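A short worksheet on the structure shown next.
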Amino acid sequence: MTTERVREALRESVEAKEALTEEDHEVILEMAYTMVEALSQGNKVIWMGNGGSAADAQHLAAELVSKFYMERDGLPSLALSTNTSVVTAVGNDYGFEHVFERQVEALARPGDVGVGISTSGASPNILLAIDKARNAGCLTIGLTGRSGGKLAGAVDLCLKVPSDDTPRIQEVHITVGHIICEIVESIVFG
């Protein structure tokens, strides 16, 4: 790894964020307002993802439960990848593709928001869980890469990051997630 590669990776990250259009900005705002509405009515935000996207789901759930900028009450939000006993039991008993679906079945209520994070938009466990969430009366959000995969057509709102490079997509997802958390916190408690 050279200094030039470091500069190049940083440029690529900036370019991926700058490639978001005004339409993407509107989708981000809609996602935040959807969460504000749900949280204001006593509902929760349920996040799900695999690998790095699981880490993003956990990170963003924590921002809502703990705080982003403001000292305030916690907001009901959870990431479905965090309970290893549930994930391994469902994975063992039903198959890994059902690890989130089964949790959505147990935890989601009408008016909740289900957020699926998948750089490809093709993760079977995310797709099954989003379908279960929609059938349970949840509003659904997707964060994907350029193609959107099947997730783009399965959710109410989708942000398709204009990149095919997984690390760059994930960097945009966490930035967008931070923006959403800031908006949610400032509206709910501002």
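Ligands are numbered from 1 in the order shown, residues from 1 within each chain, and chains are lettered A, B, ... in the order they appear in the structure tokens.
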
Practice item. Name the residues in contact with Phe100 (chain A) at a cut-off of 9 Å, using only C-alpha atoms, excluding same-chain residues fewer than 5 positions from it; report them as a list in words. Key: Met48, Gly49, Leu80, Ser81, Val87, Val90, Glu105, Asn125, Ile126, Leu128, Ala129 and Ile130 of chain A

Selected residues, all heavy atoms, written as a compact mmCIF listing (two decimals), in the first residue's frame, please.
```
# COMPACT_ATOMS: atom_id res chain seq x y z
N MET A 48 -31.33 -4.49 9.76
CA MET A 48 -30.76 -5.81 9.46
C MET A 48 -29.76 -5.71 8.32
O MET A 48 -29.92 -4.92 7.40
CB MET A 48 -31.85 -6.81 9.13
CG MET A 48 -32.72 -6.44 7.96
SD MET A 48 -34.28 -7.32 7.92
CE MET A 48 -35.36 -6.10 8.66
N GLY A 49 -28.69 -6.49 8.45
CA GLY A 49 -27.65 -6.56 7.44
C GLY A 49 -26.72 -7.70 7.75
O GLY A 49 -26.73 -8.23 8.86
N LEU A 80 -31.01 -6.72 14.24
CA LEU A 80 -31.35 -8.13 14.36
C LEU A 80 -30.15 -9.08 14.30
O LEU A 80 -30.32 -10.28 14.47
CB LEU A 80 -32.36 -8.52 13.28
CG LEU A 80 -33.69 -7.76 13.33
CD1 LEU A 80 -34.63 -8.30 12.26
CD2 LEU A 80 -34.33 -7.85 14.71
N SER A 81 -28.97 -8.55 14.12
CA SER A 81 -27.77 -9.39 14.09
C SER A 81 -27.12 -9.54 15.45
O SER A 81 -26.14 -10.28 15.58
CB SER A 81 -26.76 -8.81 13.09
OG SER A 81 -26.46 -7.47 13.44
N VAL A 87 -29.79 -15.83 16.42
CA VAL A 87 -29.25 -16.01 15.07
C VAL A 87 -28.80 -17.46 14.85
O VAL A 87 -29.12 -18.07 13.83
CB VAL A 87 -28.10 -15.02 14.79
CG1 VAL A 87 -27.37 -15.37 13.50
CG2 VAL A 87 -28.63 -13.59 14.74
N VAL A 90 -32.00 -19.99 15.02
CA VAL A 90 -32.80 -19.95 13.80
C VAL A 90 -32.00 -20.48 12.62
O VAL A 90 -32.51 -21.25 11.81
CB VAL A 90 -33.33 -18.52 13.53
CG1 VAL A 90 -34.04 -18.45 12.18
CG2 VAL A 90 -34.27 -18.07 14.64
N GLU A 105 -40.89 -11.61 12.46
CA GLU A 105 -42.17 -12.23 12.83
C GLU A 105 -42.44 -12.06 14.33
O GLU A 105 -43.57 -11.77 14.74
CB GLU A 105 -42.13 -13.71 12.47
CG GLU A 105 -43.38 -14.48 12.83
CD GLU A 105 -43.27 -15.95 12.46
OE1 GLU A 105 -42.16 -16.49 12.41
OE2 GLU A 105 -44.32 -16.55 12.21
N ASN A 125 -31.70 -13.57 3.19
CA ASN A 125 -32.24 -13.35 4.54
C ASN A 125 -32.82 -11.95 4.70
O ASN A 125 -33.81 -11.77 5.42
CB ASN A 125 -31.21 -13.67 5.62
CG ASN A 125 -29.94 -12.88 5.54
OD1 ASN A 125 -29.74 -12.06 4.65
ND2 ASN A 125 -29.03 -13.15 6.46
N ILE A 126 -32.26 -10.98 4.02
CA ILE A 126 -32.81 -9.61 4.05
C ILE A 126 -34.12 -9.57 3.28
O ILE A 126 -35.12 -9.01 3.74
CB ILE A 126 -31.81 -8.60 3.44
CG1 ILE A 126 -30.48 -8.61 4.20
CG2 ILE A 126 -32.42 -7.21 3.38
CD1 ILE A 126 -30.51 -8.02 5.57
N LEU A 128 -36.30 -11.99 2.59
CA LEU A 128 -37.38 -12.68 3.32
C LEU A 128 -37.88 -11.84 4.49
O LEU A 128 -39.08 -11.76 4.75
CB LEU A 128 -36.92 -14.05 3.80
CG LEU A 128 -36.76 -15.12 2.71
CD1 LEU A 128 -36.07 -16.36 3.28
CD2 LEU A 128 -38.10 -15.48 2.09
N ALA A 129 -36.96 -11.21 5.21
CA ALA A 129 -37.35 -10.40 6.37
C ALA A 129 -38.11 -9.15 5.94
O ALA A 129 -39.09 -8.76 6.60
CB ALA A 129 -36.11 -10.02 7.18
N ILE A 130 -37.70 -8.52 4.86
CA ILE A 130 -38.41 -7.33 4.36
C ILE A 130 -39.83 -7.71 3.94
O ILE A 130 -40.79 -7.00 4.23
CB ILE A 130 -37.63 -6.66 3.22
CG1 ILE A 130 -36.38 -5.95 3.76
CG2 ILE A 130 -38.50 -5.70 2.42
CD1 ILE A 130 -36.64 -4.76 4.69
```

Polymer residues at most 9 Å from Ser53 (chain A), only C-alpha atoms, same-chain spacing of 6 or more positions, as a PyMOL selection string: chain A and resi 116-119+170+173

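Using only C-alpha atoms, the residues found no farther than 8 Å from region 44-47 of chain A, other than those of its own chain fewer than 6 positions away, are Met35, Ala38, Ala57, Gln58, Ala61, Leu75, Pro76, Ser77, Leu78, Ala79, Leu80, Ala108, Asp112, Val113, Gly114, Val115, Gly116 and Ile117 of chain A.
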
Export of the given selection (N, CA, C and O atoms) as a PDB file, in the first residue's frame:
```pdb
ATOM      1  N   MET A  35     -39.015   7.515   9.625  1.00  0.00           N
ATOM      2  CA  MET A  35     -38.615   7.095  10.974  1.00  0.00           C
ATOM      3  C   MET A  35     -39.163   8.032  12.042  1.00  0.00           C
ATOM      4  O   MET A  35     -39.618   7.578  13.096  1.00  0.00           O
ATOM      5  N   ALA A  38     -42.829   7.196  12.600  1.00  0.00           N
ATOM      6  CA  ALA A  38     -42.982   5.928  13.326  1.00  0.00           C
ATOM      7  C   ALA A  38     -42.601   6.090  14.792  1.00  0.00           C
ATOM      8  O   ALA A  38     -43.347   5.667  15.691  1.00  0.00           O
ATOM      9  N   ALA A  57     -25.825  -1.768  10.712  1.00  0.00           N
ATOM     10  CA  ALA A  57     -27.138  -1.866  11.359  1.00  0.00           C
ATOM     11  C   ALA A  57     -26.998  -1.674  12.866  1.00  0.00           C
ATOM     12  O   ALA A  57     -27.760  -0.928  13.483  1.00  0.00           O
ATOM     13  N   GLN A  58     -26.020  -2.342  13.460  1.00  0.00           N
ATOM     14  CA  GLN A  58     -25.794  -2.213  14.899  1.00  0.00           C
ATOM     15  C   GLN A  58     -25.395  -0.786  15.266  1.00  0.00           C
ATOM     16  O   GLN A  58     -25.880  -0.224  16.252  1.00  0.00           O
ATOM     17  N   ALA A  61     -28.498   1.564  14.929  1.00  0.00           N
ATOM     18  CA  ALA A  61     -29.442   1.311  16.023  1.00  0.00           C
ATOM     19  C   ALA A  61     -28.927   1.947  17.305  1.00  0.00           C
ATOM     20  O   ALA A  61     -29.689   2.573  18.060  1.00  0.00           O
ATOM     21  N   LEU A  75     -34.359   6.220  21.822  1.00  0.00           N
ATOM     22  CA  LEU A  75     -35.387   5.894  20.840  1.00  0.00           C
ATOM     23  C   LEU A  75     -35.378   4.382  20.604  1.00  0.00           C
ATOM     24  O   LEU A  75     -34.310   3.771  20.546  1.00  0.00           O
ATOM     25  N   PRO A  76     -36.560   3.759  20.460  1.00  0.00           N
ATOM     26  CA  PRO A  76     -36.617   2.302  20.286  1.00  0.00           C
ATOM     27  C   PRO A  76     -36.105   1.867  18.908  1.00  0.00           C
ATOM     28  O   PRO A  76     -36.707   2.173  17.880  1.00  0.00           O
ATOM     29  N   SER A  77     -34.965   1.202  18.930  1.00  0.00           N
ATOM     30  CA  SER A  77     -34.316   0.778  17.703  1.00  0.00           C
ATOM     31  C   SER A  77     -33.449  -0.433  18.020  1.00  0.00           C
ATOM     32  O   SER A  77     -32.822  -0.494  19.082  1.00  0.00           O
ATOM     33  N   LEU A  78     -33.435  -1.424  17.121  1.00  0.00           N
ATOM     34  CA  LEU A  78     -32.621  -2.604  17.355  1.00  0.00           C
ATOM     35  C   LEU A  78     -32.091  -3.173  16.055  1.00  0.00           C
ATOM     36  O   LEU A  78     -32.681  -2.993  14.997  1.00  0.00           O
ATOM     37  N   ALA A  79     -30.951  -3.846  16.172  1.00  0.00           N
ATOM     38  CA  ALA A  79     -30.345  -4.544  15.039  1.00  0.00           C
ATOM     39  C   ALA A  79     -30.530  -6.038  15.244  1.00  0.00           C
ATOM     40  O   ALA A  79     -30.254  -6.565  16.321  1.00  0.00           O
ATOM     41  N   LEU A  80     -31.005  -6.717  14.236  1.00  0.00           N
ATOM     42  CA  LEU A  80     -31.354  -8.132  14.360  1.00  0.00           C
ATOM     43  C   LEU A  80     -30.153  -9.076  14.304  1.00  0.00           C
ATOM     44  O   LEU A  80     -30.322 -10.282  14.473  1.00  0.00           O
ATOM     45  N   ALA A 108     -41.747  -7.413  15.085  1.00  0.00           N
ATOM     46  CA  ALA A 108     -42.291  -6.283  14.315  1.00  0.00           C
ATOM     47  C   ALA A 108     -43.787  -6.123  14.537  1.00  0.00           C
ATOM     48  O   ALA A 108     -44.526  -7.102  14.636  1.00  0.00           O
ATOM     49  N   ASP A 112     -44.018  -0.063  12.568  1.00  0.00           N
ATOM     50  CA  ASP A 112     -42.561  -0.095  12.738  1.00  0.00           C
ATOM     51  C   ASP A 112     -41.898   0.152  11.386  1.00  0.00           C
ATOM     52  O   ASP A 112     -42.536   0.055  10.335  1.00  0.00           O
ATOM     53  N   VAL A 113     -40.609   0.448  11.423  1.00  0.00           N
ATOM     54  CA  VAL A 113     -39.829   0.629  10.199  1.00  0.00           C
ATOM     55  C   VAL A 113     -38.784  -0.474  10.140  1.00  0.00           C
ATOM     56  O   VAL A 113     -38.022  -0.664  11.084  1.00  0.00           O
ATOM     57  N   GLY A 114     -38.767  -1.220   9.035  1.00  0.00           N
ATOM     58  CA  GLY A 114     -37.757  -2.252   8.805  1.00  0.00           C
ATOM     59  C   GLY A 114     -36.754  -1.746   7.795  1.00  0.00           C
ATOM     60  O   GLY A 114     -37.135  -1.322   6.705  1.00  0.00           O
ATOM     61  N   VAL A 115     -35.470  -1.773   8.172  1.00  0.00           N
ATOM     62  CA  VAL A 115     -34.406  -1.277   7.303  1.00  0.00           C
ATOM     63  C   VAL A 115     -33.495  -2.436   6.920  1.00  0.00           C
ATOM     64  O   VAL A 115     -32.854  -3.038   7.786  1.00  0.00           O
ATOM     65  N   GLY A 116     -33.440  -2.747   5.636  1.00  0.00           N
ATOM     66  CA  GLY A 116     -32.544  -3.772   5.120  1.00  0.00           C
ATOM     67  C   GLY A 116     -31.346  -3.129   4.456  1.00  0.00           C
ATOM     68  O   GLY A 116     -31.506  -2.269   3.589  1.00  0.00           O
ATOM     69  N   ILE A 117     -30.161  -3.531   4.890  1.00  0.00           N
ATOM     70  CA  ILE A 117     -28.917  -2.996   4.322  1.00  0.00           C
ATOM     71  C   ILE A 117     -28.213  -4.136   3.597  1.00  0.00           C
ATOM     72  O   ILE A 117     -27.861  -5.143   4.207  1.00  0.00           O
TER      73      ILE A 117
END
```

**Message:** Can you pull out every residue from region 6-180 of chain A that DSSP, working from the backbone, puts in strand (DSSP E), and format the result as a PyMOL selection string?
**Reply:** chain A and resi 45-49+77-79+113-117+139-144+157-160

(request) Name the residues in contact with Gly145 (chain A) at a cut-off of 9 Å, using only C-alpha atoms, excluding same-chain residues fewer than 2 positions from it; report them as a list in words. (result) Ser118, Thr119, Ser120, Gly121, Leu143, Ser147, Gly148, Gly149, Leu159, Lys160, Val161, Pro162, Ser163, Asp164, Asp165, Thr166, Ile169 and Gln170 of chain A

Open item on the list: Excluding Val172 (chain A) and its own-chain neighbours fewer than 4 positions away, which residues fall within 8 Å of it when counting only C-alpha atoms? Please give them as a PyMOL selection string.
Closed with: chain A and resi 13+16-17+161+168+176

Just write the chosen residues, C-alpha atoms, as a compact mmCIF listing (two decimals), in the first residue's frame.
```txt
# COMPACT_ATOMS: atom_id res chain seq x y z
CA SER A 13 -14.94 7.49 -1.12
CA ALA A 16 -19.11 7.94 -4.24
CA LYS A 17 -20.75 10.40 -1.84
CA VAL A 161 -25.60 4.11 -3.93
CA ARG A 168 -17.42 2.56 -1.19
CA VAL A 176 -26.37 8.37 4.99
```

For Ile180 (chain A), list every protein, DNA or RNA residue within 10 Å, evaluated using only C-alpha atoms, and leave out those in the same chain fewer than 6 positions away; present the list as a PyMOL selection string. chain A and resi 28-33+35-36+60+64+174+186

Just-selected residues, C-alpha atoms written as a compact mmCIF listing (two decimals), in the first residue's frame:
```
# COMPACT_ATOMS: atom_id res chain seq x y z
CA ILE A 28 -32.74 10.29 2.41
CA LEU A 29 -35.08 12.95 3.77
CA GLU A 30 -38.10 10.69 3.18
CA MET A 31 -36.36 7.88 5.06
CA ALA A 32 -35.68 10.17 8.01
CA TYR A 33 -39.26 11.52 8.03
CA MET A 35 -38.61 7.10 10.97
CA VAL A 36 -39.68 10.31 12.73
CA LEU A 60 -27.12 3.02 13.54
CA LEU A 64 -30.88 6.09 18.01
CA ILE A 174 -22.87 4.80 7.10
CA SER A 186 -33.27 16.95 15.72
```

| said: Quick one: residues within 6 Å of region 95-98 of chain A, only C-alpha atoms, excluding same-chain residues fewer than 4 positions away - as a count of residues only? | reply: 4
